[in-house]
Amino acid sequence: MAENQNINPEIENEEISEQELSEILKIRREKLADMCEAGNNPFEKVKYDFTAYSEDIKAEFKDDEEEPRTVRVAGRIMTFRVMGKASFITIADGKGRIQCYVRVNDVGEEVYAGFKKWDIGDIIGVEGFVFRTRMGEISVHATKIEMLSKSLRPLPEKFHGLTNTDTRYRQRYLDLIMNPEVKDTFVKRSRIISTIRKFLDAQGFIEVETPILVANAGGASARPFETHHNALNEDFKLRISLELYLKRLIVGGIDRVYEIGRVFRNEGCDTRHNPEFTLMELYQAYTDYHGMMDLTENMFRYVAQEVLGTTTITYNGIEMDLGKPFERITVLDAVKKYSGVDFREIKTLEEARAVAKEHHIEYEERHKKGDILNLFFEEFVEEHLIQPTFVMDHPIEISPLTKKKPEDPEYVERFEMFMNGWEMCNAYSELNDPIDQRERFAAQEEALAAGDEEANHTDEDFLNALEIGMPPTGGIGYGIDRLCMLLTDSAAIRDVLLFPTMKRLD
C-alpha cells in the first residue's frame, strides 16, 4: 500500500480505517529503516545552520537583483507535488511558509530518488537561490536538500486541517502545525505580556517571584488544590493568589512590586475558567484604589496601542474603545441602574432577603446583606458592562483584605474593571490595620466553619508583617488570560492557553 499524502486521521468523518493507519505507520518506519541502512539516519543530525526565515526571504526579495540571493532554510514539509524530474514542496518554518523548487539536475539523481520518498511532515533543510516563479510566487530553487528529522505519523489532511476542538487542545503541537493563526495568537500573547512588563518597569516596578507551594492559600475566595511534601512531612496547598507575599514585600520596603505567574483554583472549566491560569498582581505604596484606576487605564491603553496599533479593539464583532476615559460607577448605583433596587434604602438582612426573593435571587443562609447585594450585581449588572468600566465601593462582606470607606464603613475602597461583561481586574486600597485584618480573618473562619469552602484561613505571619507596619498601599490583580482573549479575539480561555487542563482520555 502506498501512503496517501493527504490522509487525515483526525477529521470527524474518518476517511481512514485503523488498519489503513497502521499500514501507513508501518510504511513510514520502513522508510526510516531504509534510510538508516543507507547510512542516512535523520535522527543523528545535530545541527543545521539556516540563514533566513521564509517571511524575511519574501520581504527582502528584489526582482532586479544582479545576483540571486543564496539562502539556507529549514522547516517541515507541508505540501508535496512531484512532477517527474522536478517537484514543488512547501515548507513551514518559524515565521511562515515558502515554496521550494527541487529538480533532479540540481540535486543529483541519487538524492532526488531518495527525496521523492520523503513525506509530508518530514523536517528538512534546503539550500538554494531565491527566485520568482512564472506564477509570481517567491520561492527557493534548491541546489542541496537534506533530511533533518523523519515524521513517523501523518499530519491531518491539508484541505480540512485540524478542526476537532478536543484534539486541537490535547495535541497543541498539531494545532500549531496545521493552523498558522493559532501560532499568531500565542505570539501576540507573548507580546502582550512583554509589553505589560515594559510599561511597569518604566513606572519603577520590580518583578519578583513568590512561593507556589504554600501552607496557607489566601488572598482570594477560591478552593485550593492540596498536596503533601514528603521530606518535610507537611501538607501544602497550591497558591490561589499572589497577594499576601507581595504585601510582605511592601512591608519590607519594596514600594512598587509585581508578579506574573500561574495560580491554581480547584474549580470547574468553562470558556473563561481553567484550574490553572496566569495572574498578575501589583502593589504600590503610598497610593490608593484611585491610583490603581489611573494606572490600569493607562496600561490597558498602552498595551492595546503597542500590540494592536490601535486603542479600539473588536471582540466577537463588538467594538470596545480603550482610548476614551473609562466609566466609573459604584456597585450601589450599578445595581440600582440595572435592577431598580436601591440598597441604600435596605437597612437589615431581613429586608435584603425579602427583596432577593422578590427578584428570584437565590441566596444561602450564611449570606449577609453585602453578599446579597453582590448576587444582585452578578445577576443584573455584569452583562451590561461592555465598554471599559470601573465598578467601585464593594460591600465589606466580600472584601476581607480591603480598607473600609471612612465615611461609610459597610463598604470598602475597592474596584473591579469590566469589559465585554467580564471582570478584568480587581483592586483595593489595601487594608493595613492589623487589628481590623485579624477581625476580618475571624469572620472568614466563621464563614469557613459555616460551609464556605472558598473562605480564607487566618495567616498569622501575614498579620505579624502588618504589625511591623505596612504603608498605605494600592493593589490590583489582573487576569492575563482574559486580556489575551480580548486582544486576540479568542472565543475561549483554552484558545490562549498552550496546554489547557483536560480530562484524561483513559
# chains A, B, ... in the order shown; residues from 1 in each chain; ligands from 1
$ residues_around --residues "region 117-129 of chain A" --least-positions-apart "6" --cutoff "8 Å" --atoms "only C-alpha atoms" --output "PyMOL selection string"
chain A and resi 5+31+48+50+68-80+100+140-151+153-155
$ residues_around --residues "Ala113 (chain A)" --least-positions-apart "6" --cutoff "10 Å" --atoms "only C-alpha atoms" --output "compact mmCIF listing (two decimals) with N, CA and C atoms, in the first residue's frame"
# COMPACT_ATOMS: atom_id res chain seq x y z
N LYS A 85 10.83 14.78 -13.12
CA LYS A 85 12.19 15.15 -12.76
C LYS A 85 12.28 16.47 -11.99
N VAL A 104 15.95 17.33 -10.38
CA VAL A 104 16.96 16.27 -10.38
C VAL A 104 18.30 16.77 -10.89
N VAL A 107 20.11 18.64 -7.80
CA VAL A 107 20.47 17.95 -6.56
C VAL A 107 21.10 16.59 -6.81
$ residues_around --residues "Met470 (chain A)" --least-positions-apart "4" --cutoff "7 Å" --atoms "only C-alpha atoms" --output "VMD selection string"
chain A and resid 250 to 251 432 466
$ select_by_dssp --residues "region 193-373 of chain A" --states "helix (DSSP H, G or I)" --output "VMD selection string"
chain A and resid 193 to 202 243 to 251 289 to 308 331 to 339 343 to 345 349 to 358 369 to 373
$ select_by_dssp --residues "region 120-320 of chain A" --states "strand (DSSP E or B)" --output "MDAnalysis selection string"
chainID A and resid 123:132 138:149 206:207 213:214 226:229 234:238 256:264 270 273 276:285 312:315 318:320
$ closest_residue --among "A:Leu349, A:Val335, A:Val355, A:Leu483" --to "Glu382 (chain A)" --atoms "only C-alpha atoms"
A:Val335
$ residues_around --residues "Leu242 (chain A)" --least-positions-apart "2" --cutoff "8 Å" --atoms "only C-alpha atoms" --output "ChimeraX atom specification"
/A:210,219,239-240,244-246,259,263,279-281
$ closest_residue --among "A:Thr314, A:Gln444, A:Thr402, A:Asn233" --to "Leu431 (chain A)" --atoms "only C-alpha atoms"
A:Thr402
$ closest_residue --among "A:Gly39, A:Gly114, A:Gly136, A:Pro500" --to "Gln99 (chain A)" --atoms "only C-alpha atoms"
A:Gly136
$ atom_distance --atom1 "CA of Phe415 (chain A)" --atom2 "CA of Val391 (chain A)"
5.2 Å
